[in-house]
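S.K.: Below is one structure. I have some questions about it.
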Amino acid sequence: MEFDRTAPTSGAIVQPSADQRAREEILDAHRAYLDAMDEGDTKALDDLLDDNFTLTHMTGYVQPKAEWLAQMRQDRFVYHAIDEKKTTLDIDGDTARLIARTVTDATVYGTRADWRLQLATDYARQDDTWATVRTVATTW
């Protein structure tokens with residue numbers, strides 16, 4: 001954790017830097033996103049994801065948020081478990097990219113498998129929150 005070294009140290013509570021706060025906020029949003037997928041909670045995903053969110057599948061198909069959530073409700077995408085193996089995060093001002101390597105136990109269009117997915121997710125600061133604007137899924 002980074003600390004503001006210019007802040008007084010005796011008895012004072014040291015606040016995290018703006019960059020550290022942004023990292024924590026984005027990682028919290030990422031965890032909530034994966035948890036909602038794992039739980040099949042399309043309401044939570046609808047709230048977490050930007051209205052213009054897209055999910056690019058391994059096939060290259062760019063799927064709008066509403067279509068993906070509708071297909072989740074129809075059990076075309078069922079996430080049974082998501083095991084996060086490695087996560088990196090790069091922040092550049094009001095945008096960020098989080099790359100997570102996962103092993104995802106999911107049933108996709110009737111086929112259940114452990115998918116080795118790399119999820120590259122873009123975030124953008126909107127007012128005081130970090131919006132999830134796009135995820136591109138590839139294999140690793």
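Scheme for the structure tokens: letters A, B, ... for chains in order shown; per-chain residue numbers from 1; ligand numbers from 1 in order shown.
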Please identify every residue of segment 19-85 of chain A that has at least one atom no farther than 10 Å from an atom of segment 116-139 of chain A, counting only C-alpha atoms, and for each give the shortest atom pair and the distance in Å to one decimal, arranged by chain then increasing number, as CSV.
M.R.:
```
residue,atom,partner,partner_atom,distance
A:Ala22,CA,A:Trp130,CA,8.2
A:Glu25,CA,A:Trp130,CA,7.1
A:Ile26,CA,A:Trp130,CA,6.3
A:Leu27,CA,A:Trp130,CA,9.9
A:Asp28,CA,A:Trp130,CA,9.8
A:Ala29,CA,A:Trp130,CA,7.5
A:His30,CA,A:Thr132,CA,8.3
A:Tyr33,CA,A:Thr132,CA,8.7
A:Leu45,CA,A:Thr132,CA,9.9
A:Asp47,CA,A:Ala131,CA,9.9
A:Leu48,CA,A:Thr132,CA,6.9
A:Leu49,CA,A:Thr132,CA,5.0
A:Asp50,CA,A:Val133,CA,5.3
A:Asp51,CA,A:Val133,CA,8.1
A:Asn52,CA,A:Val133,CA,6.7
A:Phe53,CA,A:Val133,CA,4.6
A:Thr54,CA,A:Arg134,CA,5.0
A:Leu55,CA,A:Thr135,CA,4.9
A:Thr56,CA,A:Val136,CA,4.5
A:His57,CA,A:Ala137,CA,5.2
A:Met58,CA,A:Thr138,CA,4.9
A:Thr59,CA,A:Thr138,CA,8.4
A:Gly60,CA,A:Val136,CA,8.6
A:Tyr61,CA,A:Val136,CA,9.7
A:Val62,CA,A:Val136,CA,8.5
A:Gln63,CA,A:Thr135,CA,10.0
A:Pro64,CA,A:Arg134,CA,9.5
A:Lys65,CA,A:Arg134,CA,9.3
A:Ile82,CA,A:Leu117,CA,9.7
A:Asp83,CA,A:Arg116,CA,9.6
A:Glu84,CA,A:Leu117,CA,9.5
A:Lys85,CA,A:Arg116,CA,9.7
```
S.K.: Step one, run DSSP on the backbone; step two, keep only residues of segment 65-124 of chain A assigned to alpha helix (DSSP H); then write them as a PyMOL selection string.
M.R.: chain A and resi 65-73
S.K.: Would you mind exporting the chosen residues as a compact mmCIF listing (two decimals), in the first residue's frame, restricted to N, CA and C atoms?
M.R.:
```txt
# COMPACT_ATOMS: atom_id res chain seq x y z
N LYS A 65 -24.36 -5.97 -23.81
CA LYS A 65 -24.71 -6.35 -22.44
C LYS A 65 -26.10 -6.97 -22.35
N ALA A 66 -27.10 -6.33 -22.91
CA ALA A 66 -28.48 -6.81 -22.79
C ALA A 66 -28.63 -8.23 -23.35
N GLU A 67 -27.97 -8.50 -24.47
CA GLU A 67 -28.05 -9.84 -25.09
C GLU A 67 -27.37 -10.88 -24.21
N TRP A 68 -26.20 -10.54 -23.68
CA TRP A 68 -25.47 -11.49 -22.82
C TRP A 68 -26.29 -11.81 -21.56
N LEU A 69 -26.83 -10.78 -20.93
CA LEU A 69 -27.62 -11.01 -19.71
C LEU A 69 -28.88 -11.81 -20.02
N ALA A 70 -29.52 -11.54 -21.16
CA ALA A 70 -30.70 -12.32 -21.54
C ALA A 70 -30.32 -13.79 -21.73
N GLN A 71 -29.18 -14.05 -22.36
CA GLN A 71 -28.75 -15.43 -22.56
C GLN A 71 -28.36 -16.09 -21.24
N MET A 72 -27.85 -15.33 -20.30
CA MET A 72 -27.58 -15.90 -18.97
C MET A 72 -28.91 -16.31 -18.31
N ARG A 73 -29.92 -15.46 -18.43
CA ARG A 73 -31.23 -15.79 -17.84
C ARG A 73 -31.86 -17.01 -18.50
```
S.K.: Atom CA of Trp140 of chain A to atom CA of Arg101 of chain A: how many Å, to one decimal?
M.R.: 7.4 Å
S.K.: What is the distance, in Å and to one decimal place, between atom CA of Thr107 of chain A and atom CA of Thr87 of chain A?
M.R.: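 Separating atom CA of Thr107 of chain A from atom CA of Thr87 of chain A is a distance of 23.2 Å.
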S.K.: Fewer than 3 positions away in the same chain doesn't count, so skip those; otherwise give me all residues within 10 Å of segment 76-81 of chain A, counting only C-alpha atoms, as a count of residues only.
M.R.: 27
S.K.: Atom CA of Ser17 of chain A and atom CA of Arg31 of chain A are how many Å apart?
M.R.: 21.1 Å
S.K.: Please give the complete set of residues from segment 5-56 of chain A that DSSP, run on the backbone, assigns to strand (DSSP E or B), formatted as a list of chain:residue names.
M.R.: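 Residues of segment 5-56 of chain A classed as strand (DSSP E or B): A:Pro16, A:Leu49, A:Asp50, A:Asp51, A:Asn52, A:Phe53, A:Thr54, A:Leu55, A:Thr56.
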S.K.: Write the residues you've just listed into a file as an mmCIF file, in the first residue's frame, and include N, CA and C atoms for each of them.
M.R.:
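Below you can see selection08.cif, which holds the result:
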```cif
data_model
loop_
_atom_site.group_PDB
_atom_site.id
_atom_site.type_symbol
_atom_site.label_atom_id
_atom_site.label_comp_id
_atom_site.auth_asym_id
_atom_site.auth_seq_id
_atom_site.Cartn_x
_atom_site.Cartn_y
_atom_site.Cartn_z
ATOM 1 N N PRO A 16 -4.761 6.487 2.042
ATOM 2 C CA PRO A 16 -4.107 5.951 0.843
ATOM 3 C C PRO A 16 -4.058 7.012 -0.254
ATOM 4 N N LEU A 49 -22.355 -3.140 -14.781
ATOM 5 C CA LEU A 49 -21.791 -2.909 -16.107
ATOM 6 C C LEU A 49 -22.378 -1.656 -16.743
ATOM 7 N N ASP A 50 -21.540 -0.919 -17.429
ATOM 8 C CA ASP A 50 -21.976 0.262 -18.163
ATOM 9 C C ASP A 50 -23.083 -0.109 -19.145
ATOM 10 N N ASP A 51 -23.993 0.804 -19.416
ATOM 11 C CA ASP A 51 -25.091 0.529 -20.345
ATOM 12 C C ASP A 51 -24.588 0.095 -21.719
ATOM 13 N N ASN A 52 -23.430 0.611 -22.136
ATOM 14 C CA ASN A 52 -22.872 0.271 -23.444
ATOM 15 C C ASN A 52 -21.825 -0.837 -23.369
ATOM 16 N N PHE A 53 -21.780 -1.552 -22.262
ATOM 17 C CA PHE A 53 -20.829 -2.644 -22.072
ATOM 18 C C PHE A 53 -20.965 -3.676 -23.191
ATOM 19 N N THR A 54 -19.809 -4.211 -23.615
ATOM 20 C CA THR A 54 -19.795 -5.333 -24.558
ATOM 21 C C THR A 54 -18.846 -6.400 -24.032
ATOM 22 N N LEU A 55 -19.175 -7.641 -24.374
ATOM 23 C CA LEU A 55 -18.340 -8.788 -24.068
ATOM 24 C C LEU A 55 -17.917 -9.404 -25.397
ATOM 25 N N THR A 56 -16.617 -9.403 -25.658
ATOM 26 C CA THR A 56 -16.098 -10.026 -26.865
ATOM 27 C C THR A 56 -15.696 -11.447 -26.500
#
```
